[in-house]
>>> print(open('model28.txt').read())   # compact mmCIF, N, CA, C and O atoms
# COMPACT_ATOMS: atom_id res chain seq x y z
N MET A 19 43.25 47.76 -212.22
CA MET A 19 43.11 47.25 -210.90
C MET A 19 42.30 48.18 -210.01
O MET A 19 41.86 47.78 -208.96
N ARG A 20 42.16 49.36 -210.43
CA ARG A 20 41.43 50.34 -209.64
C ARG A 20 39.99 49.88 -209.43
O ARG A 20 39.43 50.04 -208.36
N ARG A 21 39.36 49.31 -210.42
CA ARG A 21 37.98 48.86 -210.31
C ARG A 21 37.85 47.70 -209.33
O ARG A 21 36.85 47.58 -208.65
N ALA A 22 38.81 46.86 -209.22
CA ALA A 22 38.77 45.74 -208.30
C ALA A 22 38.80 46.23 -206.85
O ALA A 22 38.18 45.65 -205.98
N ARG A 23 39.53 47.30 -206.60
CA ARG A 23 39.60 47.84 -205.25
C ARG A 23 38.30 48.52 -204.84
O ARG A 23 37.91 48.50 -203.69
N ASP A 24 37.57 49.14 -205.74
CA ASP A 24 36.34 49.87 -205.45
C ASP A 24 35.14 48.95 -205.30
O ASP A 24 34.03 49.43 -205.09
N GLY A 25 35.30 47.67 -205.36
CA GLY A 25 34.19 46.74 -205.24
C GLY A 25 33.44 46.55 -206.52
O GLY A 25 32.30 46.09 -206.54
N TYR A 26 34.06 46.87 -207.63
CA TYR A 26 33.40 46.70 -208.92
C TYR A 26 33.32 45.21 -209.24
O TYR A 26 34.27 44.48 -209.12
N GLN A 27 32.15 44.78 -209.60
CA GLN A 27 31.97 43.40 -210.01
C GLN A 27 31.43 43.38 -211.43
O GLN A 27 30.72 44.29 -211.84
N TYR A 28 31.71 42.34 -212.08
CA TYR A 28 31.28 42.19 -213.47
C TYR A 28 29.78 41.94 -213.49
O TYR A 28 29.26 41.09 -212.78
N GLN A 29 29.10 42.71 -214.31
CA GLN A 29 27.68 42.50 -214.51
C GLN A 29 27.44 42.38 -216.01
O GLN A 29 27.74 43.30 -216.76
N PRO A 30 26.85 41.26 -216.39
CA PRO A 30 26.66 41.06 -217.83
C PRO A 30 25.60 42.00 -218.37
O PRO A 30 24.72 42.46 -217.65
N ILE A 31 25.67 42.24 -219.61
CA ILE A 31 24.68 43.08 -220.29
C ILE A 31 23.39 42.29 -220.37
O ILE A 31 23.38 41.12 -220.76
N PRO A 32 22.24 42.91 -219.96
CA PRO A 32 20.98 42.17 -220.02
C PRO A 32 20.60 41.82 -221.45
O PRO A 32 20.73 42.63 -222.36
N ARG A 33 20.13 40.60 -221.60
CA ARG A 33 19.70 40.15 -222.93
C ARG A 33 18.22 40.45 -223.12
O ARG A 33 17.46 40.54 -222.16
N ALA A 34 17.83 40.55 -224.33
CA ALA A 34 16.42 40.79 -224.65
C ALA A 34 15.64 39.51 -224.33
O ALA A 34 16.06 38.42 -224.68
N PRO A 35 14.51 39.64 -223.61
CA PRO A 35 13.74 38.45 -223.25
C PRO A 35 13.17 37.78 -224.49
O PRO A 35 12.76 38.42 -225.44
N THR A 36 13.10 36.50 -224.40
CA THR A 36 12.53 35.75 -225.52
C THR A 36 11.02 35.71 -225.39
O THR A 36 10.44 36.09 -224.38
N GLU A 37 10.37 35.20 -226.43
CA GLU A 37 8.92 35.15 -226.44
C GLU A 37 8.37 34.21 -225.37
O GLU A 37 7.34 34.48 -224.77
N ASP A 38 9.06 33.11 -225.10
CA ASP A 38 8.60 32.17 -224.07
C ASP A 38 8.61 32.81 -222.69
O ASP A 38 7.67 32.63 -221.90
N VAL A 39 9.63 33.56 -222.40
CA VAL A 39 9.72 34.22 -221.09
C VAL A 39 8.61 35.27 -220.96
O VAL A 39 7.95 35.36 -219.92
N LEU A 40 8.38 36.03 -222.00
CA LEU A 40 7.31 37.03 -221.98
C LEU A 40 5.94 36.37 -221.84
O LEU A 40 5.08 36.84 -221.09
N GLU A 41 5.73 35.29 -222.56
CA GLU A 41 4.45 34.59 -222.49
C GLU A 41 4.24 34.01 -221.09
O GLU A 41 3.14 34.10 -220.53
N HIS A 42 5.28 33.43 -220.52
CA HIS A 42 5.18 32.88 -219.17
C HIS A 42 4.88 33.99 -218.15
O HIS A 42 4.05 33.82 -217.25
N GLU A 43 5.53 35.12 -218.31
CA GLU A 43 5.31 36.26 -217.41
C GLU A 43 3.88 36.78 -217.54
O GLU A 43 3.22 37.09 -216.55
N ASN A 44 3.38 36.86 -218.78
CA ASN A 44 1.99 37.31 -219.00
C ASN A 44 0.99 36.35 -218.38
O ASN A 44 -0.01 36.77 -217.80
N GLU A 45 1.23 35.04 -218.52
CA GLU A 45 0.32 34.05 -217.93
C GLU A 45 0.32 34.15 -216.40
O GLU A 45 -0.74 34.07 -215.76
N ARG A 46 1.51 34.34 -215.82
CA ARG A 46 1.59 34.47 -214.36
C ARG A 46 0.83 35.71 -213.88
O ARG A 46 0.06 35.67 -212.93
N MET A 47 1.01 36.82 -214.57
CA MET A 47 0.31 38.06 -214.20
C MET A 47 -1.19 37.93 -214.41
O MET A 47 -1.98 38.47 -213.63
N ALA A 48 -1.61 37.20 -215.47
CA ALA A 48 -3.04 36.98 -215.71
C ALA A 48 -3.65 36.14 -214.60
O ALA A 48 -4.78 36.40 -214.16
N GLU A 49 -2.92 35.14 -214.10
CA GLU A 49 -3.41 34.33 -212.98
C GLU A 49 -3.53 35.17 -211.72
O GLU A 49 -4.52 35.04 -210.98
N GLU A 50 -2.55 36.02 -211.46
CA GLU A 50 -2.63 36.90 -210.31
C GLU A 50 -3.82 37.84 -210.42
O GLU A 50 -4.55 38.05 -209.45
N LEU A 51 -4.02 38.38 -211.61
CA LEU A 51 -5.15 39.28 -211.84
C LEU A 51 -6.47 38.55 -211.66
O LEU A 51 -7.41 39.08 -211.08
N GLY A 52 -6.54 37.30 -212.15
CA GLY A 52 -7.76 36.51 -211.97
C GLY A 52 -8.05 36.25 -210.51
O GLY A 52 -9.21 36.30 -210.06
N GLY A 53 -7.00 35.98 -209.71
CA GLY A 53 -7.19 35.79 -208.28
C GLY A 53 -7.70 37.05 -207.59
O GLY A 53 -8.59 36.99 -206.74
N LYS A 54 -7.14 38.18 -207.98
CA LYS A 54 -7.59 39.44 -207.40
C LYS A 54 -9.03 39.75 -207.78
O LYS A 54 -9.81 40.25 -206.97
N ILE A 55 -9.39 39.45 -209.02
CA ILE A 55 -10.76 39.69 -209.48
C ILE A 55 -11.75 38.81 -208.71
O ILE A 55 -12.81 39.28 -208.28
N SER A 56 -11.40 37.54 -208.51
CA SER A 56 -12.31 36.67 -207.77
C SER A 56 -12.44 37.11 -206.31
O SER A 56 -13.52 37.04 -205.73
N THR A 57 -11.34 37.61 -205.73
CA THR A 57 -11.41 38.14 -204.37
C THR A 57 -12.31 39.36 -204.31
O THR A 57 -13.14 39.48 -203.40
N LEU A 58 -12.19 40.26 -205.29
CA LEU A 58 -13.05 41.44 -205.32
C LEU A 58 -14.52 41.06 -205.52
O LEU A 58 -15.41 41.66 -204.92
N LYS A 59 -14.77 40.04 -206.34
CA LYS A 59 -16.15 39.59 -206.56
C LYS A 59 -16.74 39.05 -205.27
O LYS A 59 -17.87 39.39 -204.90
N HIS A 60 -15.96 38.24 -204.55
CA HIS A 60 -16.42 37.68 -203.29
C HIS A 60 -16.69 38.79 -202.27
O HIS A 60 -17.71 38.78 -201.57
N MET A 61 -15.79 39.78 -202.22
CA MET A 61 -15.96 40.89 -201.28
C MET A 61 -17.20 41.71 -201.62
O MET A 61 -17.94 42.13 -200.73
N SER A 62 -17.44 41.95 -202.90
CA SER A 62 -18.61 42.74 -203.29
C SER A 62 -19.91 41.99 -202.97
O SER A 62 -20.89 42.61 -202.57
N ILE A 63 -19.90 40.66 -203.11
CA ILE A 63 -21.09 39.88 -202.73
C ILE A 63 -21.33 39.97 -201.24
O ILE A 63 -22.47 40.16 -200.78
N GLU A 64 -20.26 39.86 -200.44
CA GLU A 64 -20.40 39.96 -198.98
C GLU A 64 -20.86 41.36 -198.57
O GLU A 64 -21.68 41.50 -197.65
N ILE A 65 -20.36 42.40 -199.23
CA ILE A 65 -20.80 43.76 -198.93
C ILE A 65 -22.28 43.92 -199.25
O ILE A 65 -23.04 44.52 -198.49
N GLY A 66 -22.72 43.35 -200.37
CA GLY A 66 -24.14 43.41 -200.72
C GLY A 66 -25.01 42.71 -199.70
O GLY A 66 -26.08 43.22 -199.32
N ASN A 67 -24.58 41.55 -199.22
CA ASN A 67 -25.34 40.83 -198.18
C ASN A 67 -25.42 41.65 -196.90
O ASN A 67 -26.47 41.73 -196.26
N GLU A 68 -24.30 42.27 -196.52
CA GLU A 68 -24.28 43.09 -195.31
C GLU A 68 -25.18 44.30 -195.45
O GLU A 68 -25.89 44.68 -194.52
N VAL A 69 -25.19 44.93 -196.62
CA VAL A 69 -26.05 46.09 -196.85
C VAL A 69 -27.52 45.70 -196.75
O VAL A 69 -28.32 46.41 -196.13
N ARG A 70 -27.88 44.57 -197.35
CA ARG A 70 -29.28 44.12 -197.26
C ARG A 70 -29.68 43.83 -195.81
O ARG A 70 -30.78 44.19 -195.37
N TYR A 71 -28.78 43.20 -195.04
CA TYR A 71 -29.07 42.88 -193.64
C TYR A 71 -29.25 44.17 -192.83
O TYR A 71 -30.21 44.29 -192.06
N GLN A 72 -28.34 45.13 -193.00
CA GLN A 72 -28.44 46.36 -192.24
C GLN A 72 -29.65 47.19 -192.67
O GLN A 72 -30.25 47.89 -191.85
N ASP A 73 -30.02 47.13 -193.93
CA ASP A 73 -31.22 47.82 -194.40
C ASP A 73 -32.46 47.25 -193.72
O ASP A 73 -33.34 47.99 -193.31
N LYS A 74 -32.50 45.92 -193.59
CA LYS A 74 -33.63 45.28 -192.91
C LYS A 74 -33.70 45.72 -191.45
O LYS A 74 -34.78 46.03 -190.94
N ILE A 75 -32.55 45.80 -190.79
CA ILE A 75 -32.52 46.24 -189.39
C ILE A 75 -32.98 47.69 -189.27
O ILE A 75 -33.76 48.04 -188.38
N LEU A 76 -32.51 48.55 -190.18
CA LEU A 76 -32.90 49.96 -190.13
C LEU A 76 -34.39 50.15 -190.40
O LEU A 76 -35.03 51.01 -189.79
N ARG A 77 -34.93 49.36 -191.31
CA ARG A 77 -36.38 49.46 -191.56
C ARG A 77 -37.18 49.05 -190.33
O ARG A 77 -38.18 49.68 -189.98
N GLY A 78 -36.73 47.99 -189.65
CA GLY A 78 -37.40 47.59 -188.41
C GLY A 78 -37.29 48.66 -187.34
O GLY A 78 -38.26 48.93 -186.61
N LEU A 79 -36.14 49.29 -187.24
CA LEU A 79 -35.94 50.36 -186.27
C LEU A 79 -36.84 51.55 -186.60
O LEU A 79 -37.43 52.17 -185.69
N ASP A 80 -36.97 51.86 -187.87
CA ASP A 80 -37.84 52.97 -188.29
C ASP A 80 -39.30 52.66 -187.95
O ASP A 80 -40.02 53.54 -187.47
N ASP A 81 -39.72 51.43 -188.19
CA ASP A 81 -41.09 51.04 -187.85
C ASP A 81 -41.33 51.15 -186.34
O ASP A 81 -42.38 51.64 -185.90
N ASP A 82 -40.37 50.70 -185.54
CA ASP A 82 -40.50 50.80 -184.09
C ASP A 82 -40.58 52.25 -183.64
O ASP A 82 -41.36 52.60 -182.75
N ALA A 83 -39.77 53.12 -184.24
CA ALA A 83 -39.79 54.54 -183.88
C ALA A 83 -41.15 55.16 -184.25
O ALA A 83 -41.68 55.98 -183.49
N ASP A 84 -41.70 54.78 -185.40
CA ASP A 84 -43.02 55.31 -185.79
C ASP A 84 -44.10 54.87 -184.81
O ASP A 84 -44.95 55.67 -184.41
N ARG A 85 -44.04 53.59 -184.40
CA ARG A 85 -45.04 53.10 -183.45
C ARG A 85 -44.91 53.80 -182.11
O ARG A 85 -45.91 54.18 -181.49
N SER A 86 -43.69 53.99 -181.64
CA SER A 86 -43.51 54.62 -180.32
C SER A 86 -43.88 56.10 -180.37
O SER A 86 -44.42 56.63 -179.41
N SER A 87 -43.62 56.78 -181.49
CA SER A 87 -44.01 58.19 -181.58
C SER A 87 -45.53 58.32 -181.61
O SER A 87 -46.08 59.25 -181.02
N GLY A 88 -46.22 57.39 -182.25
CA GLY A 88 -47.68 57.40 -182.24
C GLY A 88 -48.23 57.17 -180.85
O GLY A 88 -49.15 57.85 -180.39
N PHE A 89 -47.61 56.23 -180.12
CA PHE A 89 -48.03 55.93 -178.75
C PHE A 89 -47.78 57.13 -177.85
O PHE A 89 -48.62 57.51 -177.03
N LEU A 90 -46.62 57.77 -178.02
CA LEU A 90 -46.28 58.94 -177.21
C LEU A 90 -47.22 60.10 -177.51
O LEU A 90 -47.64 60.83 -176.61
N GLY A 91 -47.56 60.28 -178.77
CA GLY A 91 -48.48 61.35 -179.14
C GLY A 91 -49.85 61.16 -178.52
O GLY A 91 -50.46 62.11 -178.01
N LYS A 92 -50.35 59.92 -178.54
CA LYS A 92 -51.65 59.64 -177.92
C LYS A 92 -51.60 59.90 -176.42
O LYS A 92 -52.54 60.46 -175.83
N THR A 93 -50.51 59.49 -175.79
CA THR A 93 -50.38 59.70 -174.34
C THR A 93 -50.32 61.18 -174.01
O THR A 93 -50.95 61.64 -173.04
N MET A 94 -49.58 61.94 -174.78
CA MET A 94 -49.49 63.39 -174.53
C MET A 94 -50.86 64.06 -174.72
O MET A 94 -51.21 64.97 -173.97
N ASN A 95 -51.62 63.62 -175.70
CA ASN A 95 -52.96 64.18 -175.89
C ASN A 95 -53.84 63.89 -174.68
O ASN A 95 -54.61 64.76 -174.24
N ARG A 96 -53.73 62.70 -174.13
CA ARG A 96 -54.52 62.37 -172.94
C ARG A 96 -54.11 63.21 -171.74
O ARG A 96 -54.95 63.67 -170.97
N VAL A 97 -52.81 63.41 -171.58
CA VAL A 97 -52.34 64.22 -170.46
C VAL A 97 -52.80 65.67 -170.61
O VAL A 97 -53.24 66.30 -169.64
N LEU A 98 -52.71 66.19 -171.82
CA LEU A 98 -53.18 67.56 -172.04
C LEU A 98 -54.68 67.68 -171.81
O LEU A 98 -55.14 68.68 -171.25
N LYS A 99 -55.43 66.69 -172.23
CA LYS A 99 -56.87 66.70 -172.02
C LYS A 99 -57.19 66.66 -170.52
O LYS A 99 -58.09 67.34 -170.04
N LEU A 100 -56.42 65.86 -169.77
CA LEU A 100 -56.62 65.77 -168.34
C LEU A 100 -56.27 67.09 -167.66
O LEU A 100 -56.95 67.53 -166.72
N GLY A 101 -55.22 67.75 -168.14
CA GLY A 101 -54.82 69.03 -167.55
C GLY A 101 -55.80 70.15 -167.84
O GLY A 101 -55.93 71.08 -167.06
N LYS A 102 -56.50 70.09 -168.95
CA LYS A 102 -57.45 71.14 -169.31
C LYS A 102 -58.78 70.97 -168.60
O LYS A 102 -59.58 71.90 -168.56
N GLY A 103 -59.01 69.81 -168.05
CA GLY A 103 -60.30 69.56 -167.38
C GLY A 103 -60.37 70.25 -166.03
O GLY A 103 -59.48 70.98 -165.60
N ASN A 104 -61.47 70.05 -165.34
CA ASN A 104 -61.70 70.66 -164.03
C ASN A 104 -61.24 69.73 -162.92
O ASN A 104 -61.84 69.69 -161.86
N HIS A 105 -60.18 69.02 -163.14
CA HIS A 105 -59.68 68.07 -162.15
C HIS A 105 -58.42 68.62 -161.48
O HIS A 105 -57.49 67.89 -161.21
N ASN A 106 -58.40 69.89 -161.18
CA ASN A 106 -57.22 70.51 -160.60
C ASN A 106 -56.94 70.01 -159.19
O ASN A 106 -55.82 70.06 -158.73
N TYR A 107 -57.94 69.57 -158.48
CA TYR A 107 -57.73 69.09 -157.11
C TYR A 107 -56.94 67.79 -157.09
O TYR A 107 -56.35 67.45 -156.07
N TYR A 108 -56.88 67.05 -158.20
CA TYR A 108 -56.05 65.84 -158.25
C TYR A 108 -54.57 66.18 -158.09
O TYR A 108 -53.83 65.48 -157.41
N ILE A 109 -54.15 67.26 -158.68
CA ILE A 109 -52.76 67.69 -158.55
C ILE A 109 -52.46 68.08 -157.10
O ILE A 109 -51.40 67.74 -156.57
N PHE A 110 -53.39 68.70 -156.45
CA PHE A 110 -53.21 69.07 -155.05
C PHE A 110 -53.08 67.82 -154.18
O PHE A 110 -52.21 67.75 -153.31
N TYR A 111 -53.95 66.83 -154.41
CA TYR A 111 -53.85 65.57 -153.65
C TYR A 111 -52.52 64.85 -153.92
O TYR A 111 -51.91 64.29 -153.01
N LEU A 112 -52.08 64.87 -155.15
CA LEU A 112 -50.80 64.26 -155.50
C LEU A 112 -49.65 64.96 -154.79
O LEU A 112 -48.73 64.31 -154.27
N PHE A 113 -49.70 66.28 -154.72
CA PHE A 113 -48.67 67.03 -154.03
C PHE A 113 -48.65 66.71 -152.53
O PHE A 113 -47.59 66.49 -151.94
N LEU A 114 -49.82 66.66 -151.91
CA LEU A 114 -49.89 66.31 -150.48
C LEU A 114 -49.39 64.89 -150.23
O LEU A 114 -48.68 64.64 -149.25
N PHE A 115 -49.75 63.98 -151.08
CA PHE A 115 -49.29 62.60 -150.92
C PHE A 115 -47.77 62.50 -151.03
O PHE A 115 -47.13 61.80 -150.24
N SER A 116 -47.18 63.22 -152.00
CA SER A 116 -45.73 63.16 -152.14
C SER A 116 -45.03 63.76 -150.93
O SER A 116 -44.01 63.24 -150.47
N ILE A 117 -45.57 64.83 -150.36
CA ILE A 117 -44.98 65.41 -149.15
C ILE A 117 -45.08 64.42 -147.99
O ILE A 117 -44.13 64.24 -147.22
N PHE A 118 -46.21 63.76 -147.85
CA PHE A 118 -46.39 62.75 -146.80
C PHE A 118 -45.39 61.61 -146.95
O PHE A 118 -44.76 61.19 -145.97
N VAL A 119 -45.20 61.12 -148.16
CA VAL A 119 -44.26 60.02 -148.40
C VAL A 119 -42.83 60.44 -148.06
O VAL A 119 -42.10 59.71 -147.39
N PHE A 120 -42.44 61.63 -148.47
CA PHE A 120 -41.09 62.10 -148.14
C PHE A 120 -40.91 62.30 -146.64
O PHE A 120 -39.86 62.00 -146.08
N PHE A 121 -41.94 62.75 -145.97
CA PHE A 121 -41.87 62.93 -144.52
C PHE A 121 -41.72 61.59 -143.82
O PHE A 121 -40.90 61.44 -142.90
N VAL A 122 -42.48 60.60 -144.24
CA VAL A 122 -42.38 59.25 -143.64
C VAL A 122 -40.99 58.67 -143.91
O VAL A 122 -40.37 58.08 -143.00
N LEU A 123 -40.48 58.82 -145.10
CA LEU A 123 -39.13 58.32 -145.40
C LEU A 123 -38.08 59.04 -144.55
O LEU A 123 -37.12 58.42 -144.07
N TYR A 124 -38.23 60.32 -144.33
CA TYR A 124 -37.31 61.07 -143.51
C TYR A 124 -37.30 60.53 -142.08
O TYR A 124 -36.24 60.33 -141.48
N ILE A 125 -38.48 60.30 -141.55
CA ILE A 125 -38.58 59.79 -140.16
C ILE A 125 -37.98 58.39 -140.07
O ILE A 125 -37.24 58.09 -139.13
N VAL A 126 -38.28 57.53 -141.02
CA VAL A 126 -37.78 56.16 -140.98
C VAL A 126 -36.26 56.14 -141.08
O VAL A 126 -35.57 55.43 -140.35
N LEU A 127 -35.70 56.95 -141.94
CA LEU A 127 -34.25 56.97 -142.11
C LEU A 127 -33.53 57.67 -140.95
O LEU A 127 -32.41 57.31 -140.60
N LYS A 128 -34.18 58.63 -140.31
CA LYS A 128 -33.55 59.34 -139.20
C LYS A 128 -33.48 58.47 -137.94
O LYS A 128 -32.48 58.48 -137.24
N PHE A 129 -34.51 57.69 -137.66
CA PHE A 129 -34.55 56.88 -136.44
C PHE A 129 -34.12 55.44 -136.67
O PHE A 129 -34.36 54.58 -135.83
N ARG A 130 -33.49 55.19 -137.66
CA ARG A 130 -33.05 53.82 -137.98
C ARG A 130 -31.85 53.41 -137.22
O ARG A 130 -30.96 53.91 -136.79
>>> encode(input="model28.txt", output="structure tokens")
Amino acid sequence: MRRARDGYQYQPIPRAPTEDVLEHENERMAEELGGKISTLKHMSIEIGNEVRYQDKILRGLDDDADRSSGFLGKTMNRVLKLGKGNHNYYIFYLFLFSIFVFFVLYIVLKFR
């Protein structure tokens, strides 16, 4: 009676599985594995499509960067050529004009 008080319940001895049960279990696991494989195949195809799309975008970005660097290089060469010339008085006129514009803005904003 001691076992009845401790909550002991009868548990039968497990029987050895038969071939039908094992075969059914193997088929179920094979179906699960097939589902997982098809999911992985679909995911790998989607990853490949995404990689191709992003590669196309990156190539376009690289081309745009090459074009803009070429444009910037040409512009810098022109600016350097202009600075090396005997046109130094243009900078002086630009400086005077900027001082005049700031002075006019100061007067307009002060008496507003």
>>> atom_distance(input="model28.txt", atom1="CA of His42 in chain A", atom2="atom N of Ile55 in chain A")
18.9 Å
>>> select_by_dssp(input="model28.txt", residues="chain A", states="helix (DSSP H, G or I)", output="PyMOL selection string")
chain A and resi 20-23+37-102+106-128
>>> atom_distance(input="model28.txt", atom1="atom O of Val97 in chain A", atom2="atom N of Phe110 in chain A")
13.4 Å
>>> decode(input="model28.txt", residues="range 82-93 of chain A", atoms="N, CA, C and O atoms", output="tab-separated table (two decimals), in the first residue's frame")
chain	number	residue	atom	x	y	z
A	82	ASP	N	27.37	55.43	-61.66
A	82	ASP	CA	27.06	56.82	-61.33
A	82	ASP	C	28.22	57.49	-60.59
A	82	ASP	O	28.55	58.65	-60.84
A	83	ALA	N	28.84	56.76	-59.67
A	83	ALA	CA	29.98	57.31	-58.93
A	83	ALA	C	31.16	57.59	-59.87
A	83	ALA	O	31.84	58.61	-59.73
A	84	ASP	N	31.39	56.69	-60.83
A	84	ASP	CA	32.48	56.92	-61.80
A	84	ASP	C	32.21	58.16	-62.64
A	84	ASP	O	33.11	58.97	-62.87
A	85	ARG	N	30.95	58.31	-63.08
A	85	ARG	CA	30.62	59.49	-63.89
A	85	ARG	C	30.76	60.77	-63.09
A	85	ARG	O	31.28	61.77	-63.58
A	86	SER	N	30.32	60.76	-61.84
A	86	SER	CA	30.39	61.99	-61.04
A	86	SER	C	31.83	62.31	-60.67
A	86	SER	O	32.21	63.48	-60.61
A	87	SER	N	32.67	61.29	-60.44
A	87	SER	CA	34.08	61.58	-60.13
A	87	SER	C	34.78	62.16	-61.36
A	87	SER	O	35.63	63.04	-61.22
A	88	GLY	N	34.43	61.69	-62.55
A	88	GLY	CA	35.01	62.25	-63.76
A	88	GLY	C	34.59	63.70	-63.95
A	88	GLY	O	35.40	64.57	-64.29
A	89	PHE	N	33.31	63.98	-63.69
A	89	PHE	CA	32.79	65.34	-63.80
A	89	PHE	C	33.46	66.25	-62.78
A	89	PHE	O	33.86	67.38	-63.09
A	90	LEU	N	33.62	65.76	-61.55
A	90	LEU	CA	34.26	66.54	-60.50
A	90	LEU	C	35.73	66.80	-60.83
A	90	LEU	O	36.24	67.90	-60.59
A	91	GLY	N	36.40	65.81	-61.37
A	91	GLY	CA	37.80	65.99	-61.75
A	91	GLY	C	37.97	67.05	-62.83
A	91	GLY	O	38.87	67.89	-62.75
A	92	LYS	N	37.09	67.03	-63.82
A	92	LYS	CA	37.16	68.05	-64.88
A	92	LYS	C	36.90	69.44	-64.31
A	92	LYS	O	37.57	70.41	-64.67
A	93	THR	N	35.94	69.54	-63.41
A	93	THR	CA	35.62	70.84	-62.81
A	93	THR	C	36.78	71.35	-61.98
A	93	THR	O	37.12	72.54	-62.03
